[in-house]
Amino acid sequence: MPLRIAIDASRATSAQPTGTENYARRLIQALVQANESRQEPDRYALYFRDDPAPELFPESAHVELIVLRAPRLWTHLRWARALWKAKPDITFAPAHTLPFIFPGAGIVTAHDLGYKRFPASHPAMQRAHLDITTRFSQARAALVLADSQATADDLRRLYRTPADKIRVVYPGIDAPDELPSPAAIKSVRAKLRLPERYFLFVGTLQPRKNIRRLAQAFTRWQREHEDDETGLVLTGAKGWLFEDVWLAGASNVQVTGYVDEADKAGLLAGSIALVFPSLYEGFGFPAAEAMRYGAPVIASNTSSLPEVVGDAGLLVDPEDVSAIAAAMSRCSRDLALRRQMIERGFKQASRFNWDSAAAQVIDAFHEAGERASARHRAI
């Protein structure tokens, strides 16, 4: 039986999407496309804060686009009021926040609980907001989607979320039509003024990303290899609590800021390796994307990263600078190992695709709908 599903699409219109915004955009696109092939398509109402670009989502007679303008409290006031008027069967938030009051069943996504694991990495007000809204949303939701088993485990441990209401749905990553050519890699390198050889980090520069130890490991690598030409490229915005002292003593380190999505493929493919010694990740998009574009991956052996990387990369203790430096040496010296990592990376990355994610989310919609119907019948 078709369902009426209300979806928070407010994050999908971001001009410079980070992981959460890109997740919302790509998942909703995949949901719209997958819904069209159903024998009895559901009805989707996509709610925005501002006007979406005409080409943002596939055209569909089963999708309504609704723009709700509000300067603040969009989720808990403006969207909530629209939900009470529409009374959908399912309300879906592809992020951590459902409205405090809304009708019917809800489904929410938990990307990570880093603010609980590393509270000092977040401003106090932001940390309190994340805790309150996530605590409420996971309790109110009929089902909670977790980006990884690690996040599912955190939900159970930190919020006592019942295991039977958590569904692990790995996000997808975009599959390239073809890998970047040497000319494309050279073009990106020239555009960003990068050195010929470089190790790469992708992500917001904040404490839990472990930038200080990464810089120390690179400095150790430089000394061991007597190499002052290879660079360390840090791609991403400087986050809250970023300190220049993290890079003290390190030479040939380049902070690029935000990089356009169109340049990311060439940036990754042209690197010696993605070095991603994050202390905590709910999923770890950069690692998955690096494997997709043929970059060897060095990543932490903690949180979700072993799930994402599998046996395709080198997993290290993120608190051990010498271990990070040793992995960098192996990637830069051992060409046979690099080829093996790249080959395994392609296979591992193929596990993460938006079609599969959308199919699982649609299953969750209908499971939540059936649960709601069963409760109504029991009353």
# chains A, B, ... in the order shown; residues from 1 in each chain; ligands from 1

$ residues_around --residues "range 331-345 of chain A" --least-positions-apart "4" --cutoff "7 Å" --atoms "only C-alpha atoms" --output "ChimeraX atom specification"
/A:272-273,291-292,294-296,312-313,327,349

$ write_last_selection --atoms "N, CA, C and O atoms" --output "mmCIF file, in the first residue's frame"
data_model
loop_
_atom_site.group_PDB
_atom_site.id
_atom_site.type_symbol
_atom_site.label_atom_id
_atom_site.label_comp_id
_atom_site.auth_asym_id
_atom_site.auth_seq_id
_atom_site.Cartn_x
_atom_site.Cartn_y
_atom_site.Cartn_z
ATOM 1 N N ILE A 272 49.684 10.293 -3.016
ATOM 2 C CA ILE A 272 50.389 9.066 -2.635
ATOM 3 C C ILE A 272 49.433 8.175 -1.851
ATOM 4 O O ILE A 272 49.350 6.968 -2.069
ATOM 5 N N ALA A 273 48.688 8.796 -0.948
ATOM 6 C CA ALA A 273 47.687 8.075 -0.156
ATOM 7 C C ALA A 273 46.836 9.095 0.578
ATOM 8 O O ALA A 273 47.280 10.215 0.857
ATOM 9 N N MET A 291 39.049 5.233 -1.904
ATOM 10 C CA MET A 291 39.109 3.901 -2.517
ATOM 11 C C MET A 291 38.408 3.893 -3.874
ATOM 12 O O MET A 291 38.872 3.260 -4.821
ATOM 13 N N ARG A 292 37.294 4.605 -3.968
ATOM 14 C CA ARG A 292 36.552 4.658 -5.226
ATOM 15 C C ARG A 292 37.385 5.285 -6.336
ATOM 16 O O ARG A 292 37.288 4.886 -7.510
ATOM 17 N N GLY A 294 40.749 5.331 -6.503
ATOM 18 C CA GLY A 294 42.045 4.708 -6.720
ATOM 19 C C GLY A 294 43.175 5.258 -5.880
ATOM 20 O O GLY A 294 44.337 5.196 -6.295
ATOM 21 N N ALA A 295 42.855 5.775 -4.695
ATOM 22 C CA ALA A 295 43.900 6.236 -3.787
ATOM 23 C C ALA A 295 44.064 5.231 -2.648
ATOM 24 O O ALA A 295 43.073 4.819 -2.046
ATOM 25 N N PRO A 296 45.283 4.816 -2.344
ATOM 26 C CA PRO A 296 45.499 3.977 -1.164
ATOM 27 C C PRO A 296 45.036 4.720 0.099
ATOM 28 O O PRO A 296 45.078 5.952 0.150
ATOM 29 N N ALA A 312 41.294 -3.399 2.625
ATOM 30 C CA ALA A 312 41.823 -2.680 1.461
ATOM 31 C C ALA A 312 42.868 -1.639 1.819
ATOM 32 O O ALA A 312 43.595 -1.161 0.949
ATOM 33 N N GLY A 313 42.933 -1.232 3.088
ATOM 34 C CA GLY A 313 43.854 -0.177 3.483
ATOM 35 C C GLY A 313 44.741 -0.591 4.633
ATOM 36 O O GLY A 313 44.704 -1.735 5.099
ATOM 37 N N ALA A 327 53.194 3.605 8.209
ATOM 38 C CA ALA A 327 52.239 3.299 7.134
ATOM 39 C C ALA A 327 52.470 4.212 5.928
ATOM 40 O O ALA A 327 52.361 3.770 4.772
ATOM 41 N N ALA A 349 35.034 -0.352 -2.066
ATOM 42 C CA ALA A 349 34.197 0.833 -2.262
ATOM 43 C C ALA A 349 32.895 0.511 -2.973
ATOM 44 O O ALA A 349 31.879 1.201 -2.785
#

$ select_by_dssp --residues "range 63-281 of chain A" --states "helix (DSSP H, G or I)" --output "ChimeraX atom specification"
/A:74-86,114-117,119-121,124-140,149-159,163-165,182-192,207-209,211-225,244-247,261-269

$ residues_around --residues "Thr219 in chain A" --least-positions-apart "4" --cutoff "12 Å" --atoms "only C-alpha atoms" --output "ChimeraX atom specification"
/A:199,212-215,223-228,230-232,246-253,321-322,324-326,328-329

$ residues_around --residues "Glu229 in chain A" --least-positions-apart "3" --cutoff "9 Å" --atoms "only C-alpha atoms" --output "list in words"
Pro195, Glu196, Arg197, Tyr198, Gln222 and Asn252 of chain A

$ write_last_selection --atoms "all heavy atoms" --output "tab-separated table (two decimals), in the first residue's frame"
chain	number	residue	atom	x	y	z
A	195	PRO	N	52.11	20.30	-4.79
A	195	PRO	CA	53.38	19.72	-5.23
A	195	PRO	C	53.14	18.47	-6.08
A	195	PRO	O	52.03	17.92	-6.11
A	195	PRO	CB	54.08	19.36	-3.91
A	195	PRO	CG	52.97	19.22	-2.93
A	195	PRO	CD	51.91	20.21	-3.34
A	196	GLU	N	54.17	18.01	-6.75
A	196	GLU	CA	54.06	16.84	-7.63
A	196	GLU	C	53.63	15.61	-6.83
A	196	GLU	O	52.83	14.80	-7.29
A	196	GLU	CB	55.40	16.58	-8.31
A	196	GLU	CG	55.38	15.47	-9.34
A	196	GLU	CD	54.77	15.91	-10.66
A	196	GLU	OE1	54.67	17.13	-10.90
A	196	GLU	OE2	54.39	15.02	-11.43
A	197	ARG	N	54.18	15.44	-5.62
A	197	ARG	CA	53.86	14.30	-4.76
A	197	ARG	C	53.32	14.83	-3.44
A	197	ARG	O	53.88	15.78	-2.87
A	197	ARG	CB	55.11	13.45	-4.51
A	197	ARG	CG	55.53	12.59	-5.67
A	197	ARG	CD	56.93	12.00	-5.48
A	197	ARG	NE	57.14	11.41	-4.16
A	197	ARG	CZ	56.80	10.15	-3.82
A	197	ARG	NH1	56.20	9.37	-4.71
A	197	ARG	NH2	57.07	9.69	-2.62
A	198	TYR	N	52.27	14.21	-2.96
A	198	TYR	CA	51.69	14.68	-1.70
A	198	TYR	C	50.86	13.58	-1.04
A	198	TYR	O	50.26	12.74	-1.71
A	198	TYR	CB	50.82	15.92	-1.92
A	198	TYR	CG	49.67	15.71	-2.89
A	198	TYR	CD1	48.42	15.28	-2.46
A	198	TYR	CD2	49.84	15.96	-4.26
A	198	TYR	CE1	47.37	15.08	-3.36
A	198	TYR	CE2	48.81	15.76	-5.16
A	198	TYR	CZ	47.58	15.33	-4.71
A	198	TYR	OH	46.54	15.12	-5.60
A	222	GLN	N	59.28	12.81	6.66
A	222	GLN	CA	60.22	13.66	5.93
A	222	GLN	C	61.66	13.41	6.38
A	222	GLN	O	62.57	13.31	5.56
A	222	GLN	CB	59.87	15.14	6.15
A	222	GLN	CG	58.64	15.62	5.41
A	222	GLN	CD	58.33	17.06	5.76
A	222	GLN	OE1	58.22	17.42	6.93
A	222	GLN	NE2	58.18	17.89	4.74
A	252	ASN	N	56.25	22.23	4.42
A	252	ASN	CA	55.60	21.79	3.19
A	252	ASN	C	54.19	21.23	3.45
A	252	ASN	O	53.78	20.24	2.83
A	252	ASN	CB	56.45	20.76	2.44
A	252	ASN	CG	56.29	20.88	0.93
A	252	ASN	OD1	55.81	21.89	0.43
A	252	ASN	ND2	56.69	19.85	0.20

$ select_by_dssp --residues "range 190-252 of chain A" --states "strand (DSSP E or B)" --output "PDB file with N, CA, C and O atoms, in the first residue's frame"
ATOM      1  N   TYR A 198      52.269  14.209  -2.962  1.00  0.00           N
ATOM      2  CA  TYR A 198      51.695  14.675  -1.698  1.00  0.00           C
ATOM      3  C   TYR A 198      50.856  13.577  -1.043  1.00  0.00           C
ATOM      4  O   TYR A 198      50.263  12.737  -1.707  1.00  0.00           O
ATOM      5  N   PHE A 199      50.879  13.592   0.280  1.00  0.00           N
ATOM      6  CA  PHE A 199      49.910  12.847   1.065  1.00  0.00           C
ATOM      7  C   PHE A 199      48.703  13.767   1.272  1.00  0.00           C
ATOM      8  O   PHE A 199      48.845  14.999   1.315  1.00  0.00           O
ATOM      9  N   LEU A 200      47.536  13.171   1.440  1.00  0.00           N
ATOM     10  CA  LEU A 200      46.315  13.967   1.464  1.00  0.00           C
ATOM     11  C   LEU A 200      45.477  13.648   2.692  1.00  0.00           C
ATOM     12  O   LEU A 200      45.343  12.488   3.093  1.00  0.00           O
ATOM     13  N   PHE A 201      44.898  14.692   3.276  1.00  0.00           N
ATOM     14  CA  PHE A 201      43.846  14.549   4.286  1.00  0.00           C
ATOM     15  C   PHE A 201      42.635  15.315   3.790  1.00  0.00           C
ATOM     16  O   PHE A 201      42.763  16.435   3.280  1.00  0.00           O
ATOM     17  N   VAL A 202      41.433  14.732   3.930  1.00  0.00           N
ATOM     18  CA  VAL A 202      40.189  15.394   3.536  1.00  0.00           C
ATOM     19  C   VAL A 202      39.251  15.403   4.732  1.00  0.00           C
ATOM     20  O   VAL A 202      38.983  14.357   5.330  1.00  0.00           O
ATOM     21  N   LEU A 205      38.960  20.491   9.628  1.00  0.00           N
ATOM     22  CA  LEU A 205      40.120  20.486  10.515  1.00  0.00           C
ATOM     23  C   LEU A 205      39.662  20.817  11.926  1.00  0.00           C
ATOM     24  O   LEU A 205      39.450  21.969  12.287  1.00  0.00           O
ATOM     25  N   GLY A 231      54.659  16.903  -0.256  1.00  0.00           N
ATOM     26  CA  GLY A 231      53.850  17.734   0.623  1.00  0.00           C
ATOM     27  C   GLY A 231      52.799  16.950   1.392  1.00  0.00           C
ATOM     28  O   GLY A 231      52.511  15.786   1.110  1.00  0.00           O
ATOM     29  N   LEU A 232      52.247  17.613   2.372  1.00  0.00           N
ATOM     30  CA  LEU A 232      51.056  17.135   3.085  1.00  0.00           C
ATOM     31  C   LEU A 232      49.964  18.157   2.800  1.00  0.00           C
ATOM     32  O   LEU A 232      50.098  19.337   3.144  1.00  0.00           O
ATOM     33  N   VAL A 233      48.892  17.724   2.155  1.00  0.00           N
ATOM     34  CA  VAL A 233      47.805  18.612   1.765  1.00  0.00           C
ATOM     35  C   VAL A 233      46.598  18.340   2.663  1.00  0.00           C
ATOM     36  O   VAL A 233      46.105  17.206   2.715  1.00  0.00           O
ATOM     37  N   LEU A 234      46.165  19.372   3.351  1.00  0.00           N
ATOM     38  CA  LEU A 234      44.999  19.285   4.244  1.00  0.00           C
ATOM     39  C   LEU A 234      43.842  19.994   3.566  1.00  0.00           C
ATOM     40  O   LEU A 234      43.859  21.221   3.406  1.00  0.00           O
ATOM     41  N   THR A 235      42.857  19.229   3.140  1.00  0.00           N
ATOM     42  CA  THR A 235      41.729  19.780   2.394  1.00  0.00           C
ATOM     43  C   THR A 235      40.492  19.800   3.273  1.00  0.00           C
ATOM     44  O   THR A 235      40.052  18.754   3.752  1.00  0.00           O
ATOM     45  N   GLY A 236      39.946  20.982   3.486  1.00  0.00           N
ATOM     46  CA  GLY A 236      38.752  21.125   4.309  1.00  0.00           C
ATOM     47  C   GLY A 236      38.805  22.425   5.087  1.00  0.00           C
ATOM     48  O   GLY A 236      39.871  23.027   5.271  1.00  0.00           O
ATOM     49  N   LYS A 238      38.671  25.034   8.228  1.00  0.00           N
ATOM     50  CA  LYS A 238      39.139  25.022   9.605  1.00  0.00           C
ATOM     51  C   LYS A 238      37.931  25.042  10.538  1.00  0.00           C
ATOM     52  O   LYS A 238      37.104  25.938  10.477  1.00  0.00           O
TER      53      LYS A 238
END
